[in-house]
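Asker: Got a structure for you, written out below as C-alpha cells; questions coming shortly.
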Amino acid sequence: MTETGKAIEVRNLTKVYPSKDAPIVALEDASFEVHEQEFISLVGHSGCGKTTIMKIIAGLLDKTRGEVLVNGARVTGPKSSTGIVFQTPVLFQWRTVIDNVLLPVEILGLSKEEYYPKALELLELTGLTEFKDKYPRELSGGMQQRASISRALVHDPSLLLLDEPFGALDAMTRGEMNMELQRIWSEKKKTSLLITHSIPEAVFLADRVMVMTPRPGRITDIIDIGLPRPRTPEMRLSAEFTECVRAVGKTIGLQYL
Amino acid sequence: MVERFKELGTITFSLILFTLLWEVSVRLLSVSEFLLPAPSVVALTIYEKFLPLMQNCLVTFRETIYGFLMGLVLGVISAIMIVYSRLLQNLLYPLILVAQIVPKVAIAPLLLIWVGYGEMSKVLIAFLVSWFPIIVTTVQGMRMVQPEMLDLVRSLQASDWQVFTKVRLPNALPHFFGGLKIAITLAVIGAIIGEFVGGNTGLGYLVMVANYEVNTPFMFAALVVLSALGLVLYGVLVLLEMWLIPWSIGDDEQEMTGFGM
Ligand SMILES: Nc1ncnc2c1ncn2[C@@H]1O[C@H](COP(=O)(O)OP(=O)(O)O)[C@@H](O)[C@H]1O
Ligand SMILES: [Mg+2]
C-alpha cells in the first residue's frame, strides 16, 4: 500500500510522435488517477491514444511531457510489478501453455518449482488445467487469451494492464471472458486498467469508466459506475446498466443508445 | 501427422503409376534404349553397377554434407551478426548478395583452379549455394518477431541475452528449417556442378562418363541414385524438423521460391 492509496497518477501527460511531415500529438495534457485495487475501463475511438497511455504507464514508451507515477514512484522504465495483456494472446508457440504462463517467472529469475503450483492454480482459475501441456496452436482464441491472462498474473504484479484483450473474440466468448475477468479481479484484487472498444464491457467490469477524445488525446469524462458487485449477466438488461451505458455513450458522442 | 502419411501414400501411388506408364509406353512404342531406357532396364543397370554407383554416391554425399554443414555454421553465424550489428549488416549483405548473384556454374572452374580438382572444390561450391538461403531465412526468422512479444519480455526487464535465447532464436527455428531444406537440395546440385566441371569421382562424374559413352541406361541409373540421395537428405531434415520443433505448423511451401542457382 502506498500512503496515498493511489496506484496510478497521471498528470498533464503529453506524447508527441515524431513524424516526417507534422509531428503526431497522440496525447495532450491527459490527467487521471487510479486507486489501489480499483478497476478502471478506458474507452475511446480508435487512434485516440489509449495504447499510448498504457505503454507509457508500463514504462515501454517515453513520454514527451508530464508526470506519471505508479505506486507512488516515477515511471522511468519497465517494472516487473506490471502485468500486461495485449489484444492478441502473444503466446510463444514453441512453449506449452504451462511454460508460457511460467515465462515471466523464468525471465525474472524466480524459482520455477516455487511458482509451478501458482501457475497451475491460475490455469485452474481460467479453466485451462487440462490444456497445460498443449501448444498454443491447439487452443481456441478464447483459451489462448485466458492463458495470456494467467501469464500476466503469475509473477503477482500489483497492476494489471489490459489493451483490448477481448477485441478478437466473438460476442459469446467475450461475455464469458468478462465474467472470468471479474472473477479473477475479485479474487486477486489487482488494480486493473482495461482498454476496450465496447462500452457495455467497460461498464460491466469497471468501478469507473474513463472516456477519451482524439486529436489531441485527453481524458474528457470519468463516470462512476454504481452497480453492485458481483455483476451478473442479467444485470446487463437492467435499467441502471443501460443508463450507465447511455451516459458513457453520450460523452463519446453516441446518441442512439 | 496422419495427413502427412496420407500425402506420402498419394505421392508413392502416383510415382508407381508414372513408372508403369513409362515402362508400358517404351515397350509398346519400342523406343530405342539410347533415347529413353525403360525403368526395368534402368533398374537392371543399377543392380549390375551397384558398387561403383554406391562408391560414387558416397563421394557426392560427403561433398554435399561438408558443404551443407559449412553453409549451416557460417550461415547462422553471419545471420546473427547481421541481426545484431548494423555495421556488419552493411559490410556483409553486399558481399553475400554478390556471392549469390554470380552464377555458381560460372565460378566453378575458377574454384577448381584455386583449390584443385579434389573433393574440396565441390565442398566449396556446395557451401556457396547453401549458405545464402540459410542466412536469409534465419535473419528473417530472428527479425520477424511480433512487436508485442518484444514489449512483453521488455516489460519484464529481460536482458538482451534473454531476448535472444527466449524469443529471437526459437522464433527463427521454423524459418531456419525452411532454409535448411532449400539449402540441402541446392548443396547436392552444387556438388554435382563441381563434378561436372572437373574431377574423376562422384555421381556427376558418372553422368558425364555415361554421356561420353552414350550409355543412356547408365546415365539414368546415376540420375536415379542422385535423386534418391537428394530425397533422403531432404527427408532426414523433414524428420529432424518434426522431432525438434513439433510445435511448428510447417507451412514451408512459400519459402521454396526465390533461391536460384
Ligand atoms: N509509433 C508510432 N509512431 C507514430 N505515430 C503513432 C505511433 N503509435 C501510435 N501513433 C499514433 O498515435 C495516435 C494514438 O495511437 P494509439 O495510442 O495506438 O491509439 P488507440 O490505442 O487509442 O487506438 C494514433 O493517431 C496513431 O496513429
Ligand atoms: Mg490501441
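Each chain of the C-alpha cells is named A, B, ... in the order shown, its residues numbered from 1; ligands are numbered from 1 in display order.
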With only C-alpha atoms as the counted atoms, please give the residues lying no more than 7 Å from range 62-64 of chain B, apart from itself and same-chain residues fewer than 3 positions off, as a ChimeraX atom specification.

Answerer: /B:58-59,67-68,119,122-123,126,187-188,191

Asker: Using only C-alpha atoms and all ligand atoms, which protein or nucleic acid residues are at most 9 Å from ligand 2, as JSON, numbers by chain?

Answerer: {"A": [46, 47, 48, 49, 50, 51, 52, 54, 87, 163, 164, 195, 196]}

Asker: Please find the residues of chain A near chain B - the criterion being any atom within 7 Å, counting only C-alpha atoms - and write them as a list of chain:residue names.

Answerer: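 Interface list for chain A against chain B: A:Ala58, A:Leu60, A:Pro78, A:Lys79, A:Ser80, A:Val90, A:Gln93, A:Trp94, A:Pro104, A:Ile107, A:Leu108, A:Tyr135.
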
Asker: Tell me, as a list of chain:residue names, which residues lie within 8 Å of Glu38 in chain A, counting only C-alpha atoms; anything in the same chain fewer than 4 positions away does not count.

Answerer: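 Final neighbour list, sorted by chain and number: A:Val34, A:Lys189, A:Lys190, A:Thr191, A:Ser192, A:Asp207.
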
Asker: Restricting it to all heavy atoms, dump the selection as a CSV table (one decimal), in the first residue's frame.

Answerer:
```csv
chain,number,residue,atom,x,y,z
A,34,VAL,N,-5.8,6.5,-10.6
A,34,VAL,CA,-6.5,5.2,-10.3
A,34,VAL,C,-6.1,4.8,-8.9
A,34,VAL,O,-4.9,4.8,-8.5
A,34,VAL,CB,-6.0,4.1,-11.4
A,34,VAL,CG1,-6.6,2.8,-11.1
A,34,VAL,CG2,-6.2,4.6,-12.8
A,189,LYS,N,-7.8,-9.0,-6.6
A,189,LYS,CA,-7.8,-7.6,-6.2
A,189,LYS,C,-6.6,-6.8,-6.8
A,189,LYS,O,-6.0,-6.0,-6.1
A,189,LYS,CB,-7.9,-7.4,-4.7
A,189,LYS,CG,-9.3,-7.8,-4.2
A,189,LYS,CD,-10.3,-6.7,-4.5
A,189,LYS,CE,-11.7,-7.1,-3.9
A,189,LYS,NZ,-12.8,-6.4,-4.5
A,190,LYS,N,-6.3,-7.0,-8.0
A,190,LYS,CA,-5.2,-6.2,-8.7
A,190,LYS,C,-5.8,-4.9,-9.2
A,190,LYS,O,-6.9,-5.0,-9.8
A,190,LYS,CB,-4.7,-7.0,-9.9
A,190,LYS,CG,-4.2,-8.4,-9.6
A,190,LYS,CD,-2.8,-8.4,-9.1
A,190,LYS,CE,-2.4,-9.9,-8.9
A,190,LYS,NZ,-1.5,-10.0,-7.7
A,191,THR,N,-5.1,-3.9,-9.0
A,191,THR,CA,-5.5,-2.6,-9.7
A,191,THR,C,-5.5,-3.0,-11.2
A,191,THR,O,-4.5,-3.5,-11.7
A,191,THR,CB,-4.5,-1.5,-9.5
A,191,THR,OG1,-4.3,-1.4,-8.1
A,191,THR,CG2,-5.0,-0.2,-10.0
A,192,SER,N,-6.6,-2.6,-11.9
A,192,SER,CA,-6.7,-3.0,-13.3
A,192,SER,C,-7.1,-1.9,-14.2
A,192,SER,O,-8.0,-1.1,-13.8
A,192,SER,CB,-7.7,-4.2,-13.5
A,192,SER,OG,-7.4,-5.3,-12.7
A,207,ASP,N,-15.2,0.0,-12.0
A,207,ASP,CA,-15.7,0.9,-10.9
A,207,ASP,C,-15.9,2.3,-11.5
A,207,ASP,O,-16.9,3.0,-11.1
A,207,ASP,CB,-14.6,1.0,-9.8
A,207,ASP,CG,-14.4,-0.3,-9.1
A,207,ASP,OD1,-15.4,-1.0,-8.8
A,207,ASP,OD2,-13.3,-0.7,-8.9
```

Asker: Near Leu128 in chain B, within 10 Å and counting only C-alpha atoms, which residues show up once chain neighbours fewer than 2 positions away are dropped, as a count of residues only?

Answerer: 21

Asker: When you look at range 30-42 of chain B with a cut-off of 6 Å (counting only C-alpha atoms), what residues show up, excluding the ones that are within fewer than 5 positions of it in the same chain? I need them as number ranges by chain.

Answerer: B: 23, 216-217, 221

Asker: Store the residues of this selection in a file with N, CA, C and O atoms, as a PDB file, in the first residue's frame.

Answerer:
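Contents of result24.pdb, freshly written:
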```pdb
ATOM      1  N   GLU B  23       7.133 -47.542 -68.501  1.00  0.00           N
ATOM      2  CA  GLU B  23       7.540 -48.883 -68.926  1.00  0.00           C
ATOM      3  C   GLU B  23       6.697 -49.347 -70.120  1.00  0.00           C
ATOM      4  O   GLU B  23       7.214 -49.759 -71.154  1.00  0.00           O
ATOM      5  N   THR B 216      23.037 -44.362 -72.237  1.00  0.00           N
ATOM      6  CA  THR B 216      21.883 -43.718 -71.609  1.00  0.00           C
ATOM      7  C   THR B 216      21.352 -44.489 -70.384  1.00  0.00           C
ATOM      8  O   THR B 216      21.028 -43.865 -69.378  1.00  0.00           O
ATOM      9  N   PRO B 217      21.232 -45.815 -70.424  1.00  0.00           N
ATOM     10  CA  PRO B 217      20.762 -46.524 -69.227  1.00  0.00           C
ATOM     11  C   PRO B 217      21.627 -46.228 -68.009  1.00  0.00           C
ATOM     12  O   PRO B 217      21.111 -46.007 -66.906  1.00  0.00           O
ATOM     13  N   ALA B 221      20.645 -44.473 -64.534  1.00  0.00           N
ATOM     14  CA  ALA B 221      20.938 -45.130 -63.260  1.00  0.00           C
ATOM     15  C   ALA B 221      21.577 -44.132 -62.297  1.00  0.00           C
ATOM     16  O   ALA B 221      21.170 -44.014 -61.134  1.00  0.00           O
TER      17      ALA B 221
END
```

Asker: From a DSSP calculation on the backbone, collect every residue of range 48-153 of chain A in alpha helix (DSSP H) and output the set as a ChimeraX atom specification.

Answerer: /A:50-58,97-101,103-107,112-125,141-153

Asker: Could you tell me how far CA of Tyr205 in chain B sits from CA of Ser227 in chain B, in Å to one decimal place?

Answerer: 14.9 Å

Asker: Do you have the CA of Gly217 in chain A-atom 15 (O, counted along the ligand's line) of ligand 1 distance handy?

Answerer: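 We find that CA of Gly217 in chain A and atom 15 (O, counted along the ligand's line) of ligand 1 lie 8.8 Å from each other.
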
Asker: Might you pull out every residue within 12 Å of Pro165 in chain A, with only C-alpha atoms counted and same-chain residues fewer than 2 positions away left off, and present them as a PyMOL selection string?

Answerer: chain A and resi 51+84-90+141-142+144-149+152+160-163+167-169+173-174+177-178+181+193-198+201-202

Asker: Please indicate the distance in Å from CA of Phe177 in chain B to CA of Phe196 in chain B, rounded to one decimal place.

Answerer: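 Computed distance, CA of Phe177 in chain B to CA of Phe196 in chain B, equals 28.8 Å.
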
Asker: List the spatial neighbours of Pro216 in chain A as a PyMOL selection string - criterion: any atom at most 8 Å away, only C-alpha atoms, same-chain residues fewer than 3 positions off excluded.

Answerer: chain A and resi 25-28+48+213

Asker: Mind dumping the selected residues with C-alpha atoms as a PDB file, in the first residue's frame?

Answerer:
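What landed in again31.pdb:
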```
ATOM      1  CA  VAL A  25       0.237  14.715 -30.926  1.00  0.00           C
ATOM      2  CA  ALA A  26      -1.155  11.477 -29.535  1.00  0.00           C
ATOM      3  CA  LEU A  27      -1.796  12.789 -26.018  1.00  0.00           C
ATOM      4  CA  GLU A  28      -2.120  16.311 -24.707  1.00  0.00           C
ATOM      5  CA  CYS A  48      -7.244   8.455 -29.664  1.00  0.00           C
ATOM      6  CA  THR A 213     -11.414  12.001 -27.104  1.00  0.00           C
TER       7      THR A 213
END
```

Asker: Pick the closest to Leu74 in chain B from B:Leu21, B:Val105, B:Ile16, B:Ile134: which is it, counting only C-alpha atoms?

Answerer: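 Using only C-alpha atoms, the shortest distance to Leu74 in chain B belongs to B:Ile134.
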